[in-house]
Each structure stands twice: as structure tokens, then as C-alpha cells.
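Chemist: I am sharing work16.cif, which consists of mmCIF, C-alpha atoms:
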```cif
data_entry
loop_
_atom_site.group_PDB
_atom_site.id
_atom_site.type_symbol
_atom_site.label_atom_id
_atom_site.label_comp_id
_atom_site.auth_asym_id
_atom_site.auth_seq_id
_atom_site.Cartn_x
_atom_site.Cartn_y
_atom_site.Cartn_z
ATOM 1 C CA MET C 1 7.077 -24.760 -10.432
ATOM 2 C CA LYS C 2 6.070 -21.528 -12.130
ATOM 3 C CA ASN C 3 5.133 -18.666 -9.822
ATOM 4 C CA PRO C 4 1.331 -18.267 -10.216
ATOM 5 C CA THR C 5 1.473 -14.517 -9.573
ATOM 6 C CA ASN C 6 4.199 -13.901 -12.181
ATOM 7 C CA VAL C 7 6.295 -12.110 -9.566
ATOM 8 C CA ASN C 8 10.103 -12.223 -9.661
ATOM 9 C CA GLU C 9 12.329 -13.114 -6.686
ATOM 10 C CA ASN C 10 11.835 -9.626 -5.224
ATOM 11 C CA ARG C 11 8.048 -10.063 -5.492
ATOM 12 C CA GLN C 12 7.999 -7.257 -8.025
ATOM 13 C CA VAL C 13 6.089 -7.265 -11.305
ATOM 14 C CA ILE C 14 6.899 -3.758 -12.489
ATOM 15 C CA ARG C 15 10.649 -3.384 -12.908
ATOM 16 C CA HIS C 16 10.847 -0.076 -14.762
ATOM 17 C CA GLY C 17 8.702 3.006 -14.561
ATOM 18 C CA LYS C 18 7.875 5.729 -12.058
ATOM 19 C CA TYR C 19 8.679 4.960 -8.419
ATOM 20 C CA VAL C 20 7.026 6.775 -5.492
ATOM 21 C CA TYR C 21 8.410 5.992 -2.015
ATOM 22 C CA SER C 22 7.800 7.016 1.576
ATOM 23 C CA SER C 23 8.581 5.528 4.967
ATOM 24 C CA ILE C 24 7.921 6.126 8.638
ATOM 25 C CA ILE C 25 9.070 4.652 11.943
ATOM 26 C CA ILE C 26 6.192 3.463 14.102
ATOM 27 C CA ASN C 27 6.548 2.831 17.840
ATOM 28 C CA ALA C 28 4.794 -0.536 17.659
ATOM 29 C CA THR C 29 5.669 -4.074 16.644
ATOM 30 C CA PRO C 30 5.218 -5.332 13.081
ATOM 31 C CA GLU C 31 2.419 -7.582 14.377
ATOM 32 C CA LYS C 32 0.446 -4.593 15.673
ATOM 33 C CA VAL C 33 1.000 -2.566 12.485
ATOM 34 C CA TRP C 34 0.057 -5.592 10.373
ATOM 35 C CA ASP C 35 -3.173 -6.109 12.320
ATOM 36 C CA ILE C 36 -4.195 -2.533 11.544
ATOM 37 C CA LEU C 37 -3.206 -2.762 7.860
ATOM 38 C CA MET C 38 -5.137 -5.978 7.349
ATOM 39 C CA ASN C 39 -8.288 -4.860 9.197
ATOM 40 C CA PHE C 40 -9.973 -3.481 6.087
ATOM 41 C CA GLU C 41 -13.270 -2.760 7.837
ATOM 42 C CA GLN C 42 -11.644 -0.058 9.975
ATOM 43 C CA TYR C 43 -9.953 1.845 7.127
ATOM 44 C CA PRO C 44 -12.718 4.491 6.900
ATOM 45 C CA GLU C 45 -12.138 5.290 10.595
ATOM 46 C CA TRP C 46 -8.438 6.127 10.352
ATOM 47 C CA ASN C 47 -7.138 6.137 6.782
ATOM 48 C CA PRO C 48 -7.354 9.429 4.858
ATOM 49 C CA PHE C 49 -5.733 7.983 1.699
ATOM 50 C CA ILE C 50 -7.201 4.501 1.214
ATOM 51 C CA THR C 51 -10.675 5.357 2.401
ATOM 52 C CA THR C 52 -12.220 1.942 1.709
ATOM 53 C CA ILE C 53 -10.833 -1.483 0.996
ATOM 54 C CA SER C 54 -12.578 -4.831 0.910
ATOM 55 C CA GLY C 55 -12.182 -8.397 -0.227
ATOM 56 C CA ASN C 56 -10.115 -11.442 0.586
ATOM 57 C CA PRO C 57 -6.401 -10.479 0.568
ATOM 58 C CA THR C 58 -5.196 -13.930 -0.503
ATOM 59 C CA ILE C 59 -2.558 -14.010 -3.266
ATOM 60 C CA GLY C 60 -4.235 -13.988 -6.671
ATOM 61 C CA ASN C 61 -7.545 -12.575 -5.417
ATOM 62 C CA THR C 62 -9.007 -9.272 -6.526
ATOM 63 C CA ILE C 63 -9.869 -6.736 -3.841
ATOM 64 C CA ALA C 64 -11.678 -3.402 -4.119
ATOM 65 C CA ALA C 65 -10.257 -0.087 -2.931
ATOM 66 C CA THR C 66 -10.994 3.611 -3.012
ATOM 67 C CA ILE C 67 -8.067 5.990 -2.776
ATOM 68 C CA CYS C 68 -8.267 9.715 -2.263
ATOM 69 C CA PRO C 69 -4.945 11.470 -2.907
ATOM 70 C CA PRO C 70 -4.866 15.013 -1.475
ATOM 71 C CA GLY C 71 -6.202 17.486 -4.016
ATOM 72 C CA GLN C 72 -7.700 14.771 -6.233
ATOM 73 C CA LYS C 73 -11.076 13.113 -6.625
ATOM 74 C CA PRO C 74 -11.524 9.656 -5.082
ATOM 75 C CA MET C 75 -10.625 6.784 -7.422
ATOM 76 C CA GLN C 76 -12.018 3.267 -7.220
ATOM 77 C CA PHE C 77 -10.109 0.290 -8.553
ATOM 78 C CA LYS C 78 -9.863 -3.474 -8.198
ATOM 79 C CA PRO C 79 -6.260 -4.579 -7.768
ATOM 80 C CA ARG C 80 -5.015 -8.178 -7.718
ATOM 81 C CA VAL C 81 -3.117 -9.294 -4.603
ATOM 82 C CA LEU C 82 0.478 -10.264 -5.426
ATOM 83 C CA GLN C 83 1.864 -10.863 -1.935
ATOM 84 C CA ASN C 84 0.553 -11.320 1.574
ATOM 85 C CA LEU C 85 3.373 -12.260 3.941
ATOM 86 C CA LYS C 86 2.056 -11.920 7.469
ATOM 87 C CA ASN C 87 3.741 -9.151 9.466
ATOM 88 C CA THR C 88 6.088 -8.469 6.545
ATOM 89 C CA GLU C 89 4.581 -7.448 3.189
ATOM 90 C CA PHE C 90 1.284 -6.749 1.448
ATOM 91 C CA ARG C 91 1.427 -6.021 -2.291
ATOM 92 C CA TRP C 92 -1.092 -5.593 -5.093
ATOM 93 C CA ILE C 93 -1.232 -4.499 -8.717
ATOM 94 C CA GLY C 94 -3.981 -2.367 -10.177
ATOM 95 C CA THR C 95 -4.642 -1.240 -13.734
ATOM 96 C CA LEU C 96 -6.542 1.554 -15.370
ATOM 97 C CA GLY C 97 -8.769 -0.723 -17.410
ATOM 98 C CA ILE C 98 -6.267 -2.032 -19.936
ATOM 99 C CA PRO C 99 -2.943 -3.481 -18.722
ATOM 100 C CA TYR C 100 0.132 -1.375 -19.574
ATOM 101 C CA LEU C 101 -1.977 1.764 -20.013
ATOM 102 C CA PHE C 102 -1.443 2.854 -16.376
ATOM 103 C CA ASP C 103 -0.573 0.143 -13.857
ATOM 104 C CA GLY C 104 0.447 0.535 -10.249
ATOM 105 C CA GLU C 105 2.144 -2.026 -8.027
ATOM 106 C CA HIS C 106 1.441 -0.863 -4.459
ATOM 107 C CA VAL C 107 3.574 -2.179 -1.588
ATOM 108 C CA PHE C 108 3.518 -2.070 2.202
ATOM 109 C CA GLN C 109 6.674 -3.578 3.753
ATOM 110 C CA LEU C 110 7.164 -3.825 7.501
ATOM 111 C CA GLN C 111 10.718 -3.891 8.813
ATOM 112 C CA GLU C 112 11.246 -4.936 12.417
ATOM 113 C CA ASN C 113 13.836 -2.686 14.029
ATOM 114 C CA ASN C 114 14.525 -4.994 17.020
ATOM 115 C CA ASN C 115 13.747 -2.229 19.501
ATOM 116 C CA GLY C 116 9.956 -2.391 19.617
ATOM 117 C CA THR C 117 9.571 -0.197 16.537
ATOM 118 C CA THR C 118 8.686 -0.919 12.931
ATOM 119 C CA THR C 119 9.691 0.907 9.772
ATOM 120 C CA LEU C 120 6.883 1.031 7.245
ATOM 121 C CA HIS C 121 8.189 1.196 3.682
ATOM 122 C CA HIS C 122 5.236 2.379 1.590
ATOM 123 C CA PHE C 123 5.805 2.637 -2.135
ATOM 124 C CA GLU C 124 4.446 2.082 -5.595
ATOM 125 C CA TYR C 125 5.855 1.349 -9.025
ATOM 126 C CA PHE C 126 3.899 2.774 -11.961
ATOM 127 C CA ARG C 127 4.175 1.741 -15.594
ATOM 128 C CA GLY C 128 2.307 2.376 -18.811
ATOM 129 C CA VAL C 129 1.946 4.815 -21.661
ATOM 130 C CA LEU C 130 -0.021 7.283 -19.521
ATOM 131 C CA VAL C 131 2.515 7.494 -16.671
ATOM 132 C CA PRO C 132 4.411 10.503 -18.135
ATOM 133 C CA PHE C 133 1.144 12.447 -18.237
ATOM 134 C CA PHE C 134 0.540 11.800 -14.525
ATOM 135 C CA LYS C 135 4.124 12.400 -13.353
ATOM 136 C CA LYS C 136 3.351 15.613 -11.448
ATOM 137 C CA MET C 137 0.284 14.078 -9.756
ATOM 138 C CA LEU C 138 2.299 10.999 -8.736
ATOM 139 C CA GLU C 139 5.201 13.044 -7.365
ATOM 140 C CA GLN C 140 2.926 15.384 -5.421
ATOM 141 C CA ASN C 141 -0.566 14.105 -4.664
ATOM 142 C CA THR C 142 0.187 10.380 -4.537
ATOM 143 C CA LEU C 143 3.276 10.890 -2.405
ATOM 144 C CA GLN C 144 1.298 13.190 -0.071
ATOM 145 C CA GLY C 145 -1.380 10.493 0.145
ATOM 146 C CA PHE C 146 1.212 7.920 1.199
ATOM 147 C CA GLU C 147 2.598 10.299 3.798
ATOM 148 C CA VAL C 148 -0.763 11.197 5.361
ATOM 149 C CA MET C 149 -1.664 7.506 5.488
ATOM 150 C CA ASN C 150 1.682 6.677 7.104
ATOM 151 C CA ILE C 151 1.137 9.318 9.777
ATOM 152 C CA ALA C 152 -2.419 8.120 10.429
ATOM 153 C CA LEU C 153 -1.229 4.509 10.706
ATOM 154 C CA LYS C 154 1.533 5.572 13.102
ATOM 155 C CA GLN C 155 -0.956 7.490 15.268
ATOM 156 C CA LYS C 156 -3.392 4.554 15.326
ATOM 157 C CA ALA C 157 -0.716 1.958 16.188
ATOM 158 C CA GLU C 158 0.904 4.113 18.839
ATOM 159 C CA SER C 159 -2.420 5.050 20.434
ATOM 160 C CA LEU C 160 -3.283 1.345 20.724
ATOM 161 C CA ARG C 161 0.124 0.703 22.266
ATOM 162 C CA VAL C 162 -0.450 3.417 24.877
ATOM 163 C CA ALA C 163 -3.928 2.033 25.581
ATOM 164 C CA GLY C 164 -2.387 -1.417 26.061
ATOM 165 C CA LYS C 165 -4.286 -3.018 23.179
#
```
Please lay out the structure from this file as C-alpha cells.

Modeler:
Amino acid sequence: MKNPTNVNENRQVIRHGKYVYSSIIINATPEKVWDILMNFEQYPEWNPFITTISGNPTIGNTIAATICPPGQKPMQFKPRVLQNLKNTEFRWIGTLGIPYLFDGEHVFQLQENNNGTTTLHHFEYFRGVLVPFFKKMLEQNTLQGFEVMNIALKQKAESLRVAGK
């Protein structure tokens, strides 16, 4: 059967292009981190990078998001969900209007560390003719956005753990 999301075995659509990666260890289980990531309604309360997100995160569906990389104006887009593996991975692909002009495949992967902690791997693959023109912004502002979000997610998950929630 053909994969309806056109994703290869690694659940990746974009194979070549610009890659931006960050990670953080969170003192909480993947289940707790996942619950926070998938609770879109609470993003405005804790997330400084993805300030709003809404929609049904089922594979193939389109969701709506607003991102605000440090030093940049907020950007709204409507990515298509590529993967939603509970407690493991959430992935989408967004375009700048026309496919292959400037596309981004955004990924959150949760790795259980078997000691009560989770490593969040937060990354994005970019492709398209405009990517070289945005290289500096991707390497600086986008990466900083990932990092501030990672820290905020860590603080939220760990504060809930301390509170016993």
C-alpha cells in the first residue's frame, strides 16, 4: 500500500536542504512532555516560539500555527501533519505558498532515556529556491526560537512534575 503522506521509512519528506537542529533533556516522562506538546490551547501561555497552534493533528490534516522567531515578525502558516506517533513524534510540513519555493518539515521527537527523563529532538529541514536567501535567519533566529521553546517546554514539564501533576 502506498504511504498516503508520501513520507519515506524515516518519516521524512525533505531529504536535502538546510537542517536546523536543537535538543534538550527534560526531567519528565515522554508522556508528560507529549501531553504538553499536544495541548495546543495552552501554547500562548508557555510557548514563546510557536505562539498559537490549532486544528486536528491527525496525519494528513492541515493545522494553523503562528511562529515568532526572536528578532523576527510573527509568521502564520498552515502546515500539513505528516506524523503523529503518541509520545514519540509529531511532524508537519509547511510551505511558503508554492511548494518548493520555501518548505519546512518541522519535527518534535521524544526519546525516553529510561531514567525518568526525556530528550526532545527539535529540528527542521528546509528546501526550496529561497532557502539560500534565508540561511542566516535560519541559522540564527530559527535556531534561537527552537532553543527558547525547548527551555520553556522543559520548565513547564518540570514544574508540573514538581507540582505532582

Chemist: Neighbourhood query: residues within 10 Å of (9.4, -2.4, 6.2), file coordinates, counting only C-alpha atoms; return as a list of chain:residue names.

Modeler: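 All residues meeting the 10 Å criterion around (9.4, -2.4, 6.2) are C:Ser23, C:Ile24, C:Ile25, C:Pro30, C:Asn87, C:Thr88, C:Glu89, C:Val107, C:Phe108, C:Gln109, C:Leu110, C:Gln111, C:Glu112, C:Asn113, C:Thr118, C:Thr119, C:Leu120, C:His121, C:His122.
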
Chemist: Could you take the residues named above and write them with C-alpha atoms, as a PDB file, in the frame of the given file?

Modeler:
```
ATOM      1  CA  SER C  23       8.581   5.528   4.967  1.00  0.00           C
ATOM      2  CA  ILE C  24       7.921   6.126   8.638  1.00  0.00           C
ATOM      3  CA  ILE C  25       9.070   4.652  11.943  1.00  0.00           C
ATOM      4  CA  PRO C  30       5.218  -5.332  13.081  1.00  0.00           C
ATOM      5  CA  ASN C  87       3.741  -9.151   9.466  1.00  0.00           C
ATOM      6  CA  THR C  88       6.088  -8.469   6.545  1.00  0.00           C
ATOM      7  CA  GLU C  89       4.581  -7.448   3.189  1.00  0.00           C
ATOM      8  CA  VAL C 107       3.574  -2.179  -1.588  1.00  0.00           C
ATOM      9  CA  PHE C 108       3.518  -2.070   2.202  1.00  0.00           C
ATOM     10  CA  GLN C 109       6.674  -3.578   3.753  1.00  0.00           C
ATOM     11  CA  LEU C 110       7.164  -3.825   7.501  1.00  0.00           C
ATOM     12  CA  GLN C 111      10.718  -3.891   8.813  1.00  0.00           C
ATOM     13  CA  GLU C 112      11.246  -4.936  12.417  1.00  0.00           C
ATOM     14  CA  ASN C 113      13.836  -2.686  14.029  1.00  0.00           C
ATOM     15  CA  THR C 118       8.686  -0.919  12.931  1.00  0.00           C
ATOM     16  CA  THR C 119       9.691   0.907   9.772  1.00  0.00           C
ATOM     17  CA  LEU C 120       6.883   1.031   7.245  1.00  0.00           C
ATOM     18  CA  HIS C 121       8.189   1.196   3.682  1.00  0.00           C
ATOM     19  CA  HIS C 122       5.236   2.379   1.590  1.00  0.00           C
TER      20      HIS C 122
END
```

Chemist: Please report the interatomic distance between CA of Gly94 in chain C and CA of Leu130 in chain C in Å with one decimal.

Modeler: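 Separation of CA of Gly94 in chain C and CA of Leu130 in chain C: 14.0 Å.
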
Chemist: Under the PyMOL selection byres ((chain C and resi 106) around 6), which residues of this model are included? Write them out as JSON, numbers by chain.

Modeler: {"C": [91, 92, 105, 107, 124]}

Chemist: Go ahead and dump the residues you just picked, C-alpha atoms, as a PDB file, in the coordinates of the input.

Modeler:
```
ATOM      1  CA  ARG C  91       1.427  -6.021  -2.291  1.00  0.00           C
ATOM      2  CA  TRP C  92      -1.092  -5.593  -5.093  1.00  0.00           C
ATOM      3  CA  GLU C 105       2.144  -2.026  -8.027  1.00  0.00           C
ATOM      4  CA  VAL C 107       3.574  -2.179  -1.588  1.00  0.00           C
ATOM      5  CA  GLU C 124       4.446   2.082  -5.595  1.00  0.00           C
TER       6      GLU C 124
END
```

Chemist: Of the candidates C:Leu82, C:Ile26, C:Leu101, C:Val131, which shows the shortest atom-to-atom distance to Asn115 in chain C, using only C-alpha atoms?

Modeler: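 The shortest atom-to-atom distance to Asn115 in chain C comes from C:Ile26.
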
Chemist: Nearest residue to Leu85 in chain C out of C:Asn141, C:Gln42, C:Asn150, C:Thr58, using only C-alpha atoms?

Modeler: C:Thr58

Chemist: Quick one: residues within 8 Å of Gly145 in chain C, all atoms listed in the file, excluding same-chain residues fewer than 3 positions away - as a count of residues only?

Modeler: 9

Chemist: I'd like to know which of C:Gly55, C:Ser159, C:Thr66, C:Thr29 is closest to Gly116 in chain C, using only C-alpha atoms.

Modeler: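 Looking only at the distances to Gly116 in chain C, the closest residue turns out to be C:Thr29.
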
Chemist: Smallest atom-to-atom distance to Ile93 in chain C: which of C:Lys32, C:Lys18, C:Lys136, C:Lys78, using all atoms listed in the file?

Modeler: C:Lys78

Chemist: Return as a VMD selection string the set of residues that the PyMOL selection byres ((chain C and resi 64) around 12) yields on the displayed structure.

Modeler: chain C and resid 40 50 to 57 61 to 63 65 to 67 75 to 81 92 to 94

Chemist: To one decimal place in Å, what is the distance between CA of Ala28 in chain C and CA of Thr117 in chain C?

Modeler: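 These atoms are spaced 4.9 Å apart.
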
Chemist: What lies within 9 Å of Val20 in chain C using all atoms listed in the file, ignoring chain neighbours under 3 positions off, as a list in words?

Modeler: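 Residues meeting the cut-off are His122, Phe123, Glu124, Tyr125, Phe126, Leu138, Glu139, Thr142, Leu143 and Phe146 of chain C.
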
Chemist: Counting only C-alpha atoms, which of C:Glu45, C:Lys156, C:Ile98, C:Gly71 gets nearest to Gln144 in chain C?

Modeler: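 Looking only at the distances to Gln144 in chain C, the closest residue turns out to be C:Gly71.
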